[in-house]
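Below is one structure; the comments refer to it alone.
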Amino acid sequence: MVDLSVDCGGLRLANPVMPASGTFSHELADIIDFDRLGALVTKTITPERRLGNPTPRVAEVSGGMLNSIGIPSKGAAQFVAEVIPLYAAFTAPLIVSISANTPDEFAELCRKVTVPGVAAIEVNISCPNLEDDGRAFAMRPHTTLQVMQKLRAATDLPLWAKLTPNTGEIPEVAAAAEAGGADALVVANTILAMSVDIRTRRPTLGKVMGGLSGPAVKPIVLRMAYQCVRSVGIPVIGCGGIMTAEDAVEYLFVGCQAVQVGTATFLHAGAMLDVIDGLEAFCRDAGIERVSEIIGTLSSSAEDGGMVWEAIA
Amino acid sequence: MVDLSVDCGGLRLANPVMPASGTFSHELADIIDFDRLGALVTKTITPERRLGNPTPRVAEVSGGMLNSIGIPSKGAAQFVAEVIPLYAAFTAPLIVSISANTPDEFAELCRKVTVPGVAAIEVNISCPNLEDDGRAFAMRPHTTLQVMQKLRAATDLPLWAKLTPNTGEIPEVAAAAEAGGADALVVANTILAMSVDIRTRRPTLGKVMGGLSGPAVKPIVLRMAYQCVRSVGIPVIGCGGIMTAEDAVEYLFVGCQAVQVGTATFLHAGAMLDVIDGLEAFCRDAGIERVSEIIGTLSSSAEDGGMVWEAIA
Amino acid sequence: MIEAAVPTQSATPDRMPATEFDAEVLCNDPVNEEYNLMAVSVPERATGAVPGQFFHLLCPQKDALQPFFRRPMSVYRIEPEARRLSFLYKVTGTGTRAMAAMKAGETFNMLGPLGIGFSLPADAAPIVVLARGVGLATMAPLIPFARSRGHRVTAILSARTPDLLMSVDEMRRDGADVLTVTDLQGTSDVEIVEDMLHMLYGKLRLGGVYVCGSNRLMLAAQRVARRLDLFGEVALEQQMACGLGMCFCCVRPFREDDGVVHRRVCREGPVFPLLEAMQW
Amino acid sequence: MIEAAVPTQSATPDRMPATEFDAEVLCNDPVNEEYNLMAVSVPERATGAVPGQFFHLLCPQKDALQPFFRRPMSVYRIEPEARRLSFLYKVTGTGTRAMAAMKAGETFNMLGPLGIGFSLPADAAPIVVLARGVGLATMAPLIPFARSRGHRVTAILSARTPDLLMSVDEMRRDGADVLTVTDLQGTSDVEIVEDMLHMLYGKLRLGGVYVCGSNRLMLAAQRVARRLDLFGEVALEQQMACGLGMCFCCVRPFREDDGVVHRRVCREGPVFPLLEAMQW
Ligand SMILES: Cc1cc2nc3c(=O)[nH]c(=O)nc-3n(C[C@H](O)[C@H](O)[C@H](O)COP(=O)(O)OP(=O)(O)OC[C@H]3O[C@@H](n4cnc5c(N)ncnc54)[C@H](O)[C@@H]3O)c2cc1C
Ligand SMILES: Cc1cc2nc3c(=O)[nH]c(=O)nc-3n(C[C@H](O)[C@H](O)[C@H](O)COP(=O)(O)OP(=O)(O)OC[C@H]3O[C@@H](n4cnc5c(N)ncnc54)[C@H](O)[C@@H]3O)c2cc1C
Ligand SMILES: Cc1cc2nc3c(=O)[nH]c(=O)nc-3n(C[C@H](O)[C@H](O)[C@H](O)COP(=O)(O)O)c2cc1C
Ligand SMILES: Cc1cc2nc3c(=O)[nH]c(=O)nc-3n(C[C@H](O)[C@H](O)[C@H](O)COP(=O)(O)O)c2cc1C
Ligand code: FES
Ligand code: FES
């Protein structure tokens with residue numbers, strides 16, 4: 001028996017595999033056993049009710065998908081009253097994902113979801129900050145720091161900051177999130193992208209642009225996770241294009257403490273369980289007793305962090 | 001006969017299809033007819049001789065490739081003396097790609113390659129600027145403006161600025177390049193990424209991180225090209241993941257004046273010619289006489305540019 | 001007249017939990033220029049599917065065809081004894097072309113049954129089924145199902161041309177009265193179909209109307225149902241990613257209490273109360 | 001003794017321009033636990049390949065196997081009359097596994113012939129060929145080629161176990177004297193091989209030594225060649241993207257004028273002057 005448990009952002013998880021926000025809901029319990037997961041992560045909610053974006057909301061592209069679901073939200077009150085109790089029956093810790101338009105509304109929502117049954121709060125700071133011209137909070141270090149400090153003051157629960165990949169300063173943003181009080185980082189949300197249906201000449205998404213996820217993003221997000229691991233002391237949870245246990249192992253090798261699986265679940269409802277089984281098999285085959293032993297064990301002769309841009313041809 | 005010619009950054013091109021820098025060399029003339037191409041673009045050169053990065057320098061990932069070739073360079077003098085003449089025999093205009101470590105060296109090199117036989121200079125400002133901590137020039141608007149002004153002063157040839165996708169501010173950088181005197185933008189270079197060989201626990205590239213190209217990047221770079229088109233008045237040349245004529249049409253629809261084909265040529269030596277033939281067929285089938293008529297004709301009900309981050313779920 | 005909009009437990013029993021399984025292709029052949037019929041061998045529990053439900057198919061990746069998402073397909077025929085399901089599908093884009101390239105003996109991953117199937121009126125009242133195009137695949141299994149529960153079934157099938165009408169003989173064998181209308185013959189106008197519905201209602205005392213595959217047919221059915229206070233259901237399509245209710249990409253707007261709400265086609269549908277659906 | 005290092009025009013004639021073409025698989029079967037042999041039918045000009053050159057193969061994409069790059073493979077057998085080429089390949093990763101899954105009749109895109117092939121010494125001096133593992137595939141066609149030009153050929157084949165020795169009979173049929181050494185029998189130590197080379201040199205007045213597939217064998221051959229001032233070539237491997245000299249991913253370091261230079265295996269190689277190659 002391989003010990004799959006890991007410490008992650010204030011929690012001890014039975015294993016390092018959990019869903020990515022927005023790609024999971026209680027309905028999946030019809031098909032897979034939630035008690036096998038490392039944690040449960042809900043779709044981001046906002047303070048107010050929202051409908052979400054126009055359809056089409058998804059499109060497939062080479063090696064991945066675009067989505068512009070937006071955040072259809074029941075609002076905080078209904079979420080606390082109706083959704084949180086749905087998860088009471090499961091043993092895996094519940095992580096609630098939240099988002100809001102301004103730092104103060106964000107903090108207020110954070111307070112509202114600090115209720116029994118919630119093990120940690122994932123703050124989706126990849127969403128637009130109306131006070132910064134609609135730029136995502138996590139696009140810049142200073143806005144990240146500001147919102148994280150307000151969120152930190154609003155709850156005693158572990159805070160996981162979900163970063164956006166749509167920035168040129170991911171290590172600096174990661175450090176700012178840590179400085180603002182994050183207990184872990186989730187790296188990362190989807191990458192802003194688009195595609196065009198050349199038959200209709202229209203964007204394939206009703207909203208024109210949307211977020212890319214799936215295998216196509218893995219090398220990009222893995223690089224960001226690696227950079228974040230090297231710039232903070234808190235755990236990094238890797239999230240981007242994990243389809244198999246091998247993908248998860250890549251994230252663990254670069255130093256992630258846990259992983260989130262998103263798009264893969266749309267292709268195979270049992271994808272997370274397959275990743276868990278595969279991780280166990282990988283360790284067993286390699287004679288490793290605890291999965292935590294492989295975390296951050298990338299061997300590399302070129303560990304120089306500077307001048308990474310040289311890497312690009 | 002469809003008229004495929006386009007005006008692009010100070011040049012009139014016979015068609016909008018050309019190679020991406022670093023994925024093309026005179027050796028390809030053994031296999032394809034260069035006179036059918038819209039332009040010829042050389043691998044980036046630097047002022048000094050360089051060996052490039054350690055091997056492995058490429059790796060394949062889902063839907064694309066990583067490269068950390070670096071810029072093995074013969075240096076400017078040998079390039080001007082030996083390489084430029086190799087292209088004299090071809091009718092398509094020659095675009096020379098250059099790069100350097102500081103704005104002044106960059107400008108100096110720009111001056112050196114302003115020689116007969118060169119139709120335009122592509123300035124690869126996606127490379128590290130030693131005066132900005134090794135960040136790429138095109139990561140920020142102010143460093144972009146600064147280097148572009150120096151380059152502009154150094155040559156009368158058309159200047160094409162090649163932007164990096166590794167920034168959160170592509171529209172602002174695009175505007176800065178225009179303000180600094182660029183005649184066209186090439187959007188974009190490769191996206192910083194990595195992968196790990198889980199059997200060896202080592203990064204698949206000798207340099208750890210490298211640039212992602214190929215189909216996987218298309219939705220991201222297409223989005224950036226679309227944003228740049230909307231933020232500048234100069235032509236935008238789309239470059240990222242173009243494998244087929246359909247991909248090129250997507251770039252033209254969002255407003256690109258021309259396209260560069262990179263990775264595709266590694267899979268099919270004749271990829272650029274297939275794109276040209278496919279573009280012609282596309283226009284013919286749609287009853288379009290001039291390819292320039294389809295440029296920027298994306299039809300969209302959701303043309304609001306603000307708040308694009310809402311698009312991300 | 002029937003108590004409208006009271007689905008019976010018979011038609012939507014406890015939701016059969018979906019499973020993911022590999023199905024073996026038994027045959028996969030064109031039925032006309034546009035449509036193929038594929039029969040697959042499936043595990044027993046998958047045959048618990050009811051009419052109106054769908055399976056989410058992971059079409060194979062072949063060199064040039066690389067569908068990413070699964071593709072939703074209504075179950076067209078359910079044969080529990082033979083552990084066989086059939087799909088009638090239009091060869092359209094990447095996924096269905098990859099599907100069409102499959103040969104007998106190959107296997108193919110499916111998830112299902114998914115969604116909510118059709119409800120039948122509470123007593124054995126006659127029903128009428130309106131289908132056009134792809135809608136036919138969705139409606140076909142309702143006929144033997146309703147017949148086996150004692151409902152008289154009239155099917156009005158609409159198509160561009162008579163060639164594209166499918167399953168007419170089969171539906172007759174299954175015990176339906178089949179009426180066909182086509183654009184080519186000028187018989188498919190909604191006004192004509194609306195008149196047919198009124199006539200059928202008068203003649204048979206219809207207890208339910210079911211529609212799939214055409215916005216205009218749906219609107220016609222809605223007008224009739226509203227006027228006659230008739231129970232009705234519509235099966236709707238929307239692009240799907242997860243098929244399980246998680247991603248919210250498949251929402252459509254519905255009328256509810258004078259407001260508009262979004263419902264997920266994969267979870268609250270694909271079969272919805274006729275009068276709540278909004279045109280597209 | 002032969003004038004060393006003077007490649008004749010016979011071995012590397014004008015570079016045959018490469019073409020991209022679809023080849024039909026004629027057969028594709030395991031030859032032992034690790035290697036498969038594939039024969040393909042090709043257009044005439046592709047049969048102009050010379051020993052040491054390679055083709056760049058676009059392995060098919062199958063559901064689970066999605067190789068992105070082409071894969072370089074030495075031409076193992078060239079049969080111009082039959083318009084047939086063969087490849088002997090080790091089933092290793094994604095690309096070669098996808099290749100191994102191909103059946104007779106399927107087609108498969110190739111680019112080639114590429115690179116620089118072997119040179120023969122200027123007169124018909126005897127040569128010795130050293131190959132291990134994959135190197136055997138590269139070396140095999142040199143034997144009939146050199147024999148047909150009047151060179152006596154001795155082949156020293158090295159492998160982990162006798163089971164993994166391939167083409168021994170074939171090389172004998174082609175007219176080579178074949179010596180085999182294996183790790184299992186303890187006969188493959190470089191010292192032993194080095195002694196064999198010395199002995200052969202003494203006995204036959206060797207005019208050239210050719211090596212492929214092992215760093216240690218290459219170093220041994222270099223020592224012998226340096227000591228005896230013997231012409232030699234080595235065929236090297238490096239990962240390739242374009243295969244055409246454009247991307248510079250396939251460089252390896254070489255000694256040149258007391259300095260180290262990078263050369264592209266796909267363009268300046270894969271066959272290089274033995275003494276210039278550096279160990280890896
Ligand atoms: C519940 C349900 C049941 C269906 N049953 C049938 C059936 O029995 N027979 C049949 O022929 N078709 C049916 N369809 C439609 C079928 O799903 C599409 O024709 C199919 O997805 C097209 O895929 P493609 O790869 O050929 O097209 P592409 O255009 O390549 O598809 C691109 C994307 O759009 C989606 N898409 C395209 N058309 C539709 C559509 N009409 N509805 C939903 N998504 C679409 C695809 O799933 C994919 O995600 C059903 C749809 C739904 C929602
Ligand atoms: C000029 C040349 C000729 C060759 N001839 C033969 C031959 O005749 N028979 C044979 O069995 N093998 C030969 N090889 C090696 C062969 O190319 C690799 O075994 C093959 O590419 C492995 O691909 P894969 O998908 O199975 O492995 P993977 O590990 O999945 O490959 C991943 C990547 O690494 C590259 N790669 C992996 N191993 C090698 C290698 N040894 N050399 C170069 N690239 C590699 C692949 O091409 C691919 O880009 C030759 C290599 C070169 C450079
Ligand atoms: C349909 C969809 C909806 C998503 N919704 C959310 C969300 O509400 N909040 C959030 O933080 N991330 C959301 N994401 C992003 C995922 O959580 C995840 O960061 C991303 O998809 C990358 O992981 P993957 O490649 O494994 O899918 C969504 C992604 C998808 C595909
Ligand atoms: C092997 C390789 C080498 C490259 N070298 C350069 C270079 O020297 N200068 C440059 O501006 N871009 C370079 N690029 C980036 C390409 O020009 C192009 O921007 C990128 O590959 C995206 O296009 P693609 O997806 O069509 O390949 C290189 C790309 C590859 C794959
Ligand atoms: S397809 Fe995901 S919610 Fe319906
Ligand atoms: S493989 Fe591209 S230069 Fe050799």
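Every chain in the structure tokens has a letter given in the order shown (A, B, ...), and although residue numbers restart at 1 in each chain, ligands are simply numbered from 1 in the order shown.
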| field | In stretch 142-266 of chain C, DSSP helix (DSSP H, G or I) residues written as an NGL selection string | value | :C and (142-148 or 162-164 or 168-173 or 190-204 or 215-228)
| Any idea which chain B residues end up within 9 Å of chain D if we count only C-alpha atoms, as a PyMOL selection string please? | chain B and resi 22-28+30-31+43+51-52+55-65+67-69+72+263+265-270
| Counting only C-alpha atoms, the option among C:Phe21, C:Phe108, C:Tyr76, C:Phe55 closest to chain D |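 Using only C-alpha atoms, the shortest distance to chain D belongs to C:Phe108.
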| request: Up to 7 Å from chain D, what residues of chain C turn up? Count only C-alpha atoms and give them as number ranges by chain. | output: C: 60-63
| message | Which residues are near ligand 2 in this structure, taking near to mean any atom at most 7 Å from a ligand atom and counting only C-alpha atoms and all ligand atoms? Format them as a PyMOL selection string. | response | (chain B and resi 59-60) or (chain D and resi 54+67+69-76+87-97+134+137-138+236-241+266+270)
| field | chain A contacts on chain B, only C-alpha atoms, 6 Å, as number ranges by chain | value | B: 63, 68-71, 128, 134, 166-168, 193-196, 201-202, 207, 209-211, 216, 219-220, 223, 250, 298-300, 302, 307, 309, 311-313
Print the selection's residues with N, CA and C atoms to a file, as a CSV table (one decimal), in the first residue's frame.
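What ended up in again-v2.csv:
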```csv
chain,number,residue,atom,x,y,z
B,63,GLY,N,-0.2,18.0,-29.0
B,63,GLY,CA,-0.5,19.1,-30.0
B,63,GLY,C,0.5,20.2,-30.2
B,68,SER,N,14.1,24.9,-27.3
B,68,SER,CA,15.0,25.8,-26.6
B,68,SER,C,16.3,25.8,-27.4
B,69,ILE,N,16.1,26.1,-28.7
B,69,ILE,CA,17.2,26.1,-29.6
B,69,ILE,C,18.2,27.2,-29.1
B,70,GLY,N,17.6,28.3,-28.6
B,70,GLY,CA,18.4,29.4,-28.4
B,70,GLY,C,18.7,30.1,-29.7
B,71,ILE,N,19.7,30.9,-29.8
B,71,ILE,CA,19.9,31.6,-31.1
B,71,ILE,C,21.4,31.3,-31.5
B,128,PRO,N,15.5,38.4,-24.4
B,128,PRO,CA,15.8,39.1,-23.2
B,128,PRO,C,16.6,40.4,-23.3
B,134,GLY,N,16.8,40.9,-17.8
B,134,GLY,CA,16.6,39.7,-18.6
B,134,GLY,C,15.2,39.5,-19.1
B,166,ASN,N,4.3,36.1,-23.9
B,166,ASN,CA,4.5,35.9,-22.5
B,166,ASN,C,4.4,37.2,-21.7
B,167,THR,N,3.2,37.8,-21.9
B,167,THR,CA,2.9,39.1,-21.2
B,167,THR,C,1.4,39.1,-21.0
B,168,GLY,N,1.1,39.9,-20.0
B,168,GLY,CA,-0.4,40.1,-19.7
B,168,GLY,C,-0.9,41.3,-20.3
B,193,ALA,N,7.2,27.4,-21.7
B,193,ALA,CA,6.5,26.2,-21.3
B,193,ALA,C,7.6,25.2,-20.9
B,194,MET,N,7.2,24.0,-20.4
B,194,MET,CA,8.2,23.0,-20.1
B,194,MET,C,7.4,21.6,-20.0
B,195,SER,N,8.2,20.6,-20.1
B,195,SER,CA,7.6,19.3,-19.8
B,195,SER,C,8.7,18.4,-19.1
B,196,VAL,N,8.2,17.3,-18.5
B,196,VAL,CA,9.1,16.5,-17.7
B,196,VAL,C,9.0,15.1,-18.2
B,201,ARG,N,12.8,11.7,-14.7
B,201,ARG,CA,12.6,12.8,-13.8
B,201,ARG,C,13.3,14.1,-14.2
B,202,ARG,N,13.7,14.1,-15.5
B,202,ARG,CA,14.3,15.3,-16.0
B,202,ARG,C,13.4,16.1,-16.9
B,207,LYS,N,17.5,22.9,-21.4
B,207,LYS,CA,17.5,24.3,-20.8
B,207,LYS,C,16.3,24.4,-19.8
B,209,MET,N,13.2,25.1,-19.5
B,209,MET,CA,12.1,25.8,-20.1
B,209,MET,C,12.3,26.1,-21.6
B,210,GLY,N,11.3,26.2,-22.3
B,210,GLY,CA,11.4,26.5,-23.8
B,210,GLY,C,10.1,27.0,-24.3
B,211,GLY,N,10.1,27.2,-25.6
B,211,GLY,CA,8.9,27.8,-26.2
B,211,GLY,C,8.0,26.8,-26.8
B,216,ALA,N,-1.3,23.6,-30.4
B,216,ALA,CA,-1.7,23.9,-29.1
B,216,ALA,C,-1.8,25.4,-28.8
B,219,PRO,N,-5.2,28.8,-30.4
B,219,PRO,CA,-6.3,29.7,-29.8
B,219,PRO,C,-5.8,30.8,-29.0
B,220,ILE,N,-4.7,30.7,-28.3
B,220,ILE,CA,-4.1,31.7,-27.5
B,220,ILE,C,-3.6,32.8,-28.4
B,223,ARG,N,-6.2,34.8,-30.3
B,223,ARG,CA,-6.8,35.8,-29.4
B,223,ARG,C,-5.9,37.0,-29.3
B,250,GLU,N,-8.7,31.7,-40.2
B,250,GLU,CA,-9.1,32.3,-38.9
B,250,GLU,C,-8.3,33.6,-38.6
B,298,LEU,N,-14.5,39.2,-39.5
B,298,LEU,CA,-15.2,38.4,-38.5
B,298,LEU,C,-16.6,39.0,-38.2
B,299,SER,N,-17.6,38.2,-38.2
B,299,SER,CA,-18.9,38.8,-37.8
B,299,SER,C,-19.2,38.4,-36.4
B,300,SER,N,-19.6,39.3,-35.6
B,300,SER,CA,-19.7,39.0,-34.2
B,300,SER,C,-20.7,39.9,-33.6
B,302,ALA,N,-21.0,40.1,-30.3
B,302,ALA,CA,-20.5,40.5,-29.0
B,302,ALA,C,-19.1,41.2,-29.2
B,307,MET,N,-13.9,44.2,-20.4
B,307,MET,CA,-14.3,43.1,-19.5
B,307,MET,C,-14.1,41.7,-20.1
B,309,TRP,N,-12.2,39.6,-19.3
B,309,TRP,CA,-11.9,38.6,-18.3
B,309,TRP,C,-13.1,37.9,-17.8
B,311,ALA,N,-15.0,36.6,-19.6
B,311,ALA,CA,-15.1,35.4,-20.5
B,311,ALA,C,-14.6,34.2,-19.8
B,312,ILE,N,-13.7,34.3,-18.9
B,312,ILE,CA,-13.2,33.1,-18.3
B,312,ILE,C,-14.0,32.7,-17.2
B,313,ALA,N,-14.3,31.4,-17.2
B,313,ALA,CA,-15.3,30.9,-16.2
B,313,ALA,C,-14.7,31.0,-14.8
```
